[in-house]
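Containing compact mmCIF, C-alpha atoms: run34.txt.
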# COMPACT_ATOMS: atom_id res chain seq x y z
CA MET C 1 21.49 -15.73 16.40
CA ALA C 2 22.21 -19.36 17.19
CA LEU C 3 23.00 -20.28 13.58
CA GLY C 4 26.51 -20.26 12.17
CA LYS C 5 27.87 -17.25 10.33
CA ILE C 6 29.89 -17.04 7.15
CA LYS C 7 31.99 -13.90 6.89
CA ALA C 8 33.23 -12.84 3.49
CA ASP C 9 34.01 -9.47 1.96
CA THR C 10 34.27 -10.89 -1.56
CA LEU C 11 32.65 -13.69 -3.58
CA GLU C 12 34.85 -14.92 -6.41
CA HIS C 13 33.83 -17.05 -9.40
CA SER C 14 36.49 -19.17 -11.18
CA THR C 15 36.03 -17.33 -14.49
CA ALA C 16 33.33 -14.67 -14.17
CA GLY C 17 35.10 -12.39 -11.72
CA SER C 18 34.39 -11.33 -8.15
CA LEU C 19 31.73 -9.41 -6.26
CA ASP C 20 32.14 -7.29 -3.14
CA THR C 21 29.56 -8.59 -0.65
CA LYS C 22 28.74 -5.04 0.47
CA TYR C 23 26.68 -4.83 -2.74
CA VAL C 24 24.76 -7.94 -1.71
CA VAL C 25 24.05 -6.47 1.71
CA ALA C 26 23.17 -2.98 0.48
CA GLY C 27 21.18 -4.26 -2.49
CA SER C 28 18.83 -6.55 -0.58
CA PRO C 29 15.31 -5.26 0.09
CA ARG C 30 14.93 -4.01 3.66
CA ALA C 31 11.16 -4.25 3.44
CA TRP C 32 8.80 -6.04 1.08
CA PHE C 33 5.25 -7.23 0.95
CA GLN C 34 2.71 -9.05 -1.14
CA ALA C 35 -0.81 -7.83 -0.36
CA ASN C 36 -4.32 -8.49 -1.59
CA LEU C 37 -5.87 -5.05 -1.98
CA GLU C 38 -9.36 -6.39 -2.65
CA THR C 39 -9.66 -7.40 0.99
CA PRO C 40 -7.24 -5.68 1.86
CA VAL C 41 -4.70 -7.75 3.76
CA VAL C 42 -0.93 -8.30 3.80
CA GLN C 43 -0.15 -11.93 2.94
CA GLN C 44 3.66 -12.08 2.95
CA SER C 45 6.05 -9.44 4.21
CA ILE C 46 9.02 -8.36 6.21
CA ASN C 47 9.44 -5.05 8.04
CA ILE C 48 5.81 -4.02 7.48
CA ALA C 49 3.69 -2.93 10.47
CA SER C 50 0.35 -2.16 8.86
CA ILE C 51 -1.62 -1.44 5.73
CA THR C 52 -4.06 1.48 5.62
CA ASP C 53 -6.87 1.38 3.07
CA VAL C 54 -7.01 5.12 2.30
CA GLN C 55 -9.55 5.07 -0.54
CA ALA C 56 -10.23 3.14 -3.73
CA GLY C 57 -6.88 2.47 -5.40
CA ARG C 58 -4.78 3.98 -2.62
CA HIS C 59 -3.10 2.15 0.27
CA ASP C 60 -0.35 3.13 2.70
CA PHE C 61 2.12 0.58 4.07
CA THR C 62 4.05 1.48 7.21
CA TYR C 63 7.44 0.12 8.22
CA THR C 64 8.47 -1.31 11.57
CA ASN C 65 12.07 -0.17 11.02
CA ASN C 66 12.09 3.25 9.33
CA PHE C 67 14.36 3.99 6.42
CA ALA C 68 17.14 6.51 6.95
CA GLN C 69 16.02 8.79 4.11
CA ARG C 70 12.96 9.17 1.91
CA THR C 71 14.96 8.42 -1.24
CA TYR C 72 14.91 4.61 -0.98
CA ALA C 73 13.94 2.68 -4.10
CA CYS C 74 10.58 0.96 -4.53
CA PRO C 75 10.25 -1.47 -7.45
CA THR C 76 6.60 -2.51 -7.71
CA GLY C 77 4.32 -5.05 -9.33
CA GLY C 78 0.74 -6.24 -9.23
CA GLY C 79 -2.33 -7.53 -10.96
CA GLY C 80 -4.56 -10.55 -11.08
CA SER C 81 -7.85 -9.18 -9.85
CA THR C 82 -10.66 -11.70 -9.91
CA SER C 83 -12.97 -9.04 -11.35
CA ASN C 84 -10.42 -7.57 -13.72
CA ASN C 85 -7.70 -10.00 -14.74
CA THR C 86 -5.12 -7.49 -15.83
CA LEU C 87 -1.75 -6.02 -15.00
CA ALA C 88 -1.89 -3.34 -12.33
CA ASN C 89 0.12 -0.15 -12.50
CA VAL C 90 1.47 0.42 -8.98
CA ALA C 91 2.81 3.93 -8.38
CA THR C 92 4.57 5.20 -5.26
CA PRO C 93 3.96 8.98 -5.27
CA THR C 94 6.60 11.04 -3.49
CA ASP C 95 4.03 13.05 -1.53
CA GLY C 96 2.92 9.83 0.17
CA LYS C 97 6.41 8.49 0.79
CA LEU C 98 8.10 8.99 4.15
CA THR C 99 10.84 7.14 5.98
CA SER C 100 8.03 5.46 7.90
CA LYS C 101 5.68 4.51 5.05
CA VAL C 102 5.17 4.05 1.33
CA ARG C 103 1.95 4.79 -0.58
CA ALA C 104 0.71 2.49 -3.35
CA ASP C 105 -1.64 4.01 -5.95
CA THR C 106 -3.07 1.29 -8.19
CA GLN C 107 -4.69 1.57 -11.62
CA TYR C 108 -5.15 -0.50 -14.74
CA ALA C 109 -4.66 0.80 -18.27
CA HIS C 110 -3.01 3.85 -16.64
CA THR C 111 -6.41 5.44 -16.18
CA THR C 112 -8.84 3.47 -14.05
CA VAL C 113 -8.47 3.17 -10.29
CA PHE C 114 -8.85 -0.36 -8.94
CA ASP C 115 -7.74 -2.57 -6.08
CA PRO C 116 -5.81 -5.55 -7.44
CA ALA C 117 -5.72 -8.97 -5.84
CA GLU C 118 -1.95 -8.75 -5.82
CA CYS C 119 0.27 -5.78 -5.09
CA CYS C 120 3.97 -6.09 -4.33
CA ILE C 121 6.60 -3.52 -3.36
CA ALA C 122 10.22 -4.15 -2.34
CA SER C 123 11.88 -1.22 -0.59
CA ILE C 124 15.65 -0.96 -1.02
CA GLY C 125 17.86 1.49 0.82
CA ASP C 126 19.58 2.20 4.12
CA LEU C 127 17.61 1.76 7.32
CA ALA C 128 17.55 4.26 10.18
CA MET T 1 9.59 -19.82 22.30
CA LYS T 2 11.64 -17.41 24.38
CA THR T 3 12.68 -14.13 22.76
CA PRO T 4 16.44 -13.55 22.84
CA GLN T 5 17.73 -10.50 24.71
CA PHE T 6 17.31 -8.01 21.87
CA GLN T 7 18.08 -4.64 23.39
CA GLY T 8 20.96 -3.27 21.31
CA THR T 9 20.27 -5.63 18.39
CA HIS T 10 19.34 -3.89 15.13
CA LEU T 11 15.55 -3.90 14.80
CA PHE T 12 15.70 -5.36 11.29
CA ASP T 13 17.69 -8.35 12.60
CA ARG T 14 14.98 -8.89 15.22
CA LEU T 15 12.33 -8.87 12.48
CA CYS T 16 14.33 -11.47 10.55
CA TRP T 17 14.46 -13.62 13.69
CA ALA T 18 10.72 -13.24 14.14
CA LYS T 19 9.96 -14.17 10.53
CA GLU T 20 12.03 -17.32 10.93
CA ASN T 21 10.68 -18.35 14.31
CA LEU T 22 7.13 -17.02 14.73
CA ASP T 23 3.95 -17.81 12.80
CA GLY T 24 2.13 -14.78 11.43
CA VAL T 25 -1.11 -13.77 13.13
CA GLN T 26 -3.87 -12.38 10.89
CA SER T 27 -5.99 -10.18 13.10
CA ASP T 28 -9.77 -10.15 12.73
CA TYR T 29 -9.84 -6.57 13.95
CA ARG T 30 -9.75 -3.38 11.91
CA VAL T 31 -9.26 0.24 12.96
CA VAL T 32 -11.59 2.61 11.16
CA TYR T 33 -10.79 6.31 11.42
CA GLU T 34 -11.66 9.62 9.83
CA ASP T 35 -8.74 11.93 9.24
CA SER T 36 -10.73 14.73 7.61
CA VAL T 37 -14.43 15.50 7.17
CA ASP T 38 -13.84 15.86 3.43
CA GLU T 39 -12.37 12.38 3.03
CA CYS T 40 -13.75 8.88 3.35
CA ALA T 41 -12.97 6.66 6.33
CA LYS T 42 -9.60 4.92 6.36
CA ILE T 43 -9.12 1.31 7.45
CA LEU T 44 -5.97 0.23 9.30
CA VAL T 45 -5.06 -3.47 9.14
CA PRO T 46 -2.18 -4.95 11.18
CA ASP T 47 0.51 -6.89 9.33
CA PRO T 48 0.53 -10.56 10.45
CA ASN T 49 4.29 -10.66 11.13
CA TRP T 50 4.11 -7.40 13.07
CA MET T 51 1.21 -8.76 15.15
CA ALA T 52 3.25 -11.91 15.91
CA CYS T 53 6.09 -9.67 17.16
CA ALA T 54 3.71 -7.66 19.32
CA LEU T 55 2.18 -10.75 20.92
CA GLN T 56 5.60 -12.35 21.44
CA GLY T 57 7.16 -9.38 23.24
CA GLY T 58 10.78 -8.28 23.52
CA ILE T 59 11.05 -7.30 19.83
CA LEU T 60 9.34 -3.97 19.12
CA PRO T 61 10.60 -0.64 20.49
CA PRO T 62 8.32 1.59 22.59
CA VAL T 63 5.90 3.55 20.42
CA GLN T 64 7.39 6.83 21.67
CA VAL T 65 10.49 6.08 19.60
CA TYR T 66 8.42 6.42 16.42
CA TRP T 67 7.06 9.76 17.61
CA GLU T 68 10.62 11.03 18.06
CA LEU T 69 11.60 9.95 14.56
CA ALA T 70 8.42 11.52 13.14
CA LYS T 71 9.31 14.79 14.88
CA ASP T 72 12.74 14.72 13.27
CA GLU T 73 11.30 14.02 9.84
CA ALA T 74 8.78 16.86 10.17
CA LYS T 75 11.57 19.42 10.43
CA PRO T 76 11.91 21.45 7.22
CA ASP T 77 15.64 20.77 6.93
CA PHE T 78 15.28 17.00 7.39
CA VAL T 79 17.54 14.95 5.13
CA LYS T 80 18.42 11.79 7.04
CA HIS T 81 17.61 10.22 10.40
CA THR T 82 20.38 10.64 12.94
CA ARG T 83 18.55 9.04 15.87
CA GLY T 84 17.83 5.62 14.35
CA HIS T 85 19.68 4.14 17.31
CA LEU T 86 16.53 4.75 19.35
CA LEU T 87 14.89 1.90 17.42
CA HIS T 88 17.69 -0.51 18.26
CA ASN T 89 18.92 0.54 21.69
CA THR T 90 15.73 1.40 23.56
CA LYS T 91 14.45 -1.43 25.75
CA PRO T 92 11.85 -3.43 23.72
CA VAL T 93 8.26 -3.57 24.94
CA GLU T 94 6.92 -6.64 26.71
CA ALA T 95 4.36 -9.03 25.21
CA MET T 96 1.03 -7.39 24.44
CA THR T 97 -2.49 -8.70 24.14
CA GLU T 98 -4.11 -8.23 20.73
CA GLU T 99 -6.09 -5.30 22.14
CA GLN T 100 -2.92 -3.65 23.46
CA ALA T 101 -1.19 -4.30 20.15
CA LEU T 102 -3.98 -2.50 18.30
CA GLU T 103 -3.71 0.46 20.67
CA TYR T 104 0.06 0.55 20.06
CA LEU T 105 -0.49 0.41 16.30
CA ILE T 106 -3.06 3.21 16.45
CA MET T 107 -0.55 5.39 18.28
CA LYS T 108 2.15 4.45 15.78
CA ASP T 109 0.33 4.63 12.45
CA CYS T 110 -2.77 6.82 12.85
CA PRO T 111 -2.37 10.62 12.85
CA GLN T 112 -1.99 11.90 16.42
CA HIS T 113 -4.77 14.46 15.99
CA VAL T 114 -7.16 11.57 15.30
CA TRP T 115 -6.39 9.27 18.21
CA ARG T 116 -5.74 12.02 20.77
CA ASN T 117 -9.17 13.54 20.02
CA TRP T 118 -11.08 10.44 18.97
CA ASP T 119 -14.01 11.24 21.27
CA THR T 120 -14.35 14.99 20.76
CA GLY T 121 -17.37 15.56 18.54
CA ASN T 122 -20.79 14.14 17.89
CA LYS T 123 -19.46 10.80 16.75
CA PRO T 124 -16.16 8.98 17.30
CA LYS T 125 -13.32 9.70 14.87
CA LEU T 126 -11.89 6.23 15.43
CA VAL T 127 -13.48 2.83 15.99
CA ILE T 128 -12.06 -0.68 16.39
CA CYS T 129 -14.32 -3.28 14.79
CA ARG T 130 -14.28 -6.83 13.44
CA LYS T 131 -13.62 -7.19 9.76
CA GLU T 132 -17.09 -8.69 9.29
CA GLN T 133 -18.56 -5.36 10.38
CA LEU T 134 -17.11 -3.57 7.34
CA PRO T 135 -19.05 -3.45 4.05
CA GLY T 136 -18.85 -6.77 2.22
CA THR T 137 -17.74 -5.25 -1.08
CA ARG T 138 -15.67 -2.20 -2.04
CA GLU T 139 -18.53 -0.64 -3.98
CA TRP T 140 -18.80 3.08 -3.15
CA ARG T 141 -15.52 2.76 -1.21
CA ASN T 142 -14.87 6.50 -1.41
CA ALA T 143 -18.16 7.21 0.37
CA TRP T 144 -17.48 5.06 3.44
CA LYS T 145 -17.92 6.96 6.72
CA ILE T 146 -18.20 6.02 10.38
CA THR T 147 -21.92 5.77 11.04
CA GLU T 148 -23.66 8.74 12.65
CA GLU T 149 -25.55 6.26 14.81
CA LEU T 150 -22.46 5.66 16.96
CA SER T 151 -22.18 8.18 19.74
CA VAL T 152 -19.13 8.83 21.87
CA THR T 153 -21.12 8.36 25.08
CA ASP T 154 -22.43 4.97 23.92
CA LEU T 155 -18.87 3.80 23.24
CA ALA T 156 -17.62 5.10 26.58
CA ALA T 157 -20.37 3.12 28.30

Let me see the file written as structure tokens.
Amino acid sequence: MALGKIKADTLEHSTAGSLDTKYVVAGSPRAWFQANLETPVVQQSINIASITDVQAGRHDFTYTNNFAQRTYACPTGGGGSTSNNTLANVATPTDGKLTSKVRADTQYAHTTVFDPAECCIASIGDLA
Amino acid sequence: MKTPQFQGTHLFDRLCWAKENLDGVQSDYRVVYEDSVDECAKILVPDPNWMACALQGGILPPVQVYWELAKDEAKPDFVKHTRGHLLHNTKPVEAMTEEQALEYLIMKDCPQHVWRNWDTGNKPKLVICRKEQLPGTREWRNAWKITEELSVTDLAA
């Protein structure tokens, strides 16, 4: 990289204490996306190679850089369909989760399958 | 823009470079494939940042690297990747055309039994099409299939 680099093992606040920067590095998402599942298409992302529309309410997202293990964390969010303006429940079932991909199952009201206009997942963990 | 010499650089760092320096490319193409006769057709869509990397060249590892990692993960005693260095240390692939990028993505993200045998049967198991050729709405999404009117010999011609 041509840009400058700041090296620091610790960040220290004058009164609130200090933070080991390894937590900042390890705690940053190593992949994330914002996708419109009505279309479907990925709109913003990093470390995503493709989206596969598997069936109604089910989409797989593959990574460019695999994770080291399948146990990475996946906080999710979604909603805002033009046909159903509601909060989406986005689940990442373990049987569809590999080091190379994460599956997003989307519903509203915990019962009805739908494809929301916005679906977001941030994947946090160690990369391969 | 010229791609830096990336062989040996962590792949994630290359992706960060690409996100900062390359504009995303939304492809108009879609890959439609049937994984099982009992399931509806699946639609593969390239990520715009990934497509930008593929067109730029010098960023992505050879697709065979992903096959090796998939082999490792398929082992029953798999816990953690130990050959992740293949992603970072293998010489990156050169710039691809959009067509070549789609072929790479098919080999990376579609099941091997689909793309290796795409033309064995009465109709193709896999088709590349423009997004306009897909149904306009998602009504009856779970009934979508590759049309019987497409024959393998027509496509080969």

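When CA of Leu127 in chain C is paired with CA of Lys7 in chain C, their separation reads 21.3 Å.
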
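In this comparison, which uses all atoms listed in the file, the residue of T:Glu148, T:Asp13, T:Gln5, T:Asp28 approaching Glu132 in chain T most closely is T:Asp28.
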
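Atom pair CA of Pro61 in chain T / CA of Leu98 in chain C has a distance of 19.1 Å (rounded to one decimal).
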
Pick from T:Tyr33, T:Ile128, T:Thr3, T:Ala18, whichever lies nearest to Gln112 in chain T using only C-alpha atoms: T:Tyr33

CA of Lys97 in chain C to CA of Ala54 in chain T, distance in Å rounded to a single decimal: 24.7 Å

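Counting all atoms listed in the file, the residue from T:Pro46, T:Pro76, T:Gly58, T:Pro92 that sits nearest to chain C is T:Pro46.
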
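Residues from chain T found within 7 Å of chain C are Leu11, Phe12, Leu15, Cys40, Lys42, Ile43, Leu44, Val45, Pro46, Asp47, Trp50, Val79, Lys80, His81, Gly84, Arg141 and Asn142 of chain T, counting all atoms listed in the file.
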
Edge lengths and centre in Å to one decimal, as JSON, of the axis-aligned box that encloses all listed atoms of range 73-92 of chain T with 5 Å added on every side?
{"center_x": 14.6, "center_y": 9.0, "center_z": 15.4, "size_x": 21.6, "size_y": 34.9, "size_z": 30.6}

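The smallest atom-to-atom distance between Thr106 in chain C and any of C:Gly78, C:Gly17, C:Gly4, C:Pro29, using all atoms listed in the file, is found for C:Gly78.
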
If we count all atoms listed in the file, what is near Ala26 in chain C at a cut-off of 8 Å, once residues fewer than 5 positions away on the same chain are taken out, given as a PyMOL selection string? chain C and resi 124-126

For Leu11 in chain C, please output as a PyMOL selection string all residues within 10 Å (counting all atoms listed in the file; exclusion window: fewer than 3 positions along the same chain). chain C and resi 8+17-21+24

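Between Asn21 in chain T and the candidates T:Pro4, T:Pro62, T:Glu98, T:Asn117, the tightest atom-to-atom separation, counting all atoms listed in the file, involves T:Pro4.
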
Show which residues sit within 10 Å of Leu134 in chain T, as number ranges by chain. Count only C-alpha atoms, and ignore same-chain residues fewer than 5 positions away. T: 30, 32, 43, 129, 144

File dump, residues just selected, C-alpha atoms, as a PDB file, in the coordinates of the input:
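The file below, out.pdb, is the result:
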ATOM      1  CA  ARG T  30      -9.750  -3.380  11.910  1.00  0.00           C
ATOM      2  CA  VAL T  32     -11.590   2.610  11.160  1.00  0.00           C
ATOM      3  CA  ILE T  43      -9.120   1.310   7.450  1.00  0.00           C
ATOM      4  CA  CYS T 129     -14.320  -3.280  14.790  1.00  0.00           C
ATOM      5  CA  TRP T 144     -17.480   5.060   3.440  1.00  0.00           C
TER       6      TRP T 144
END

Name the residues in contact with Asn89 in chain T at a cut-off of 6 Å, using all atoms listed in the file, excluding same-chain residues fewer than 4 positions from it; report them as an MDAnalysis selection string. chainID T and resid 7:8 85

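Proximity to Lys108 in chain T at 8 Å, evaluated using only C-alpha atoms and with sequence-adjacent residues fewer than 4 positions away removed, yields T:Val63, T:Tyr66, T:Trp67, T:Tyr104.
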
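With only C-alpha atoms as the basis for measurement, T:Ala95 is the residue among T:Leu126, T:Lys71, T:Ala95, T:Ile146 that approaches Leu55 in chain T most closely.
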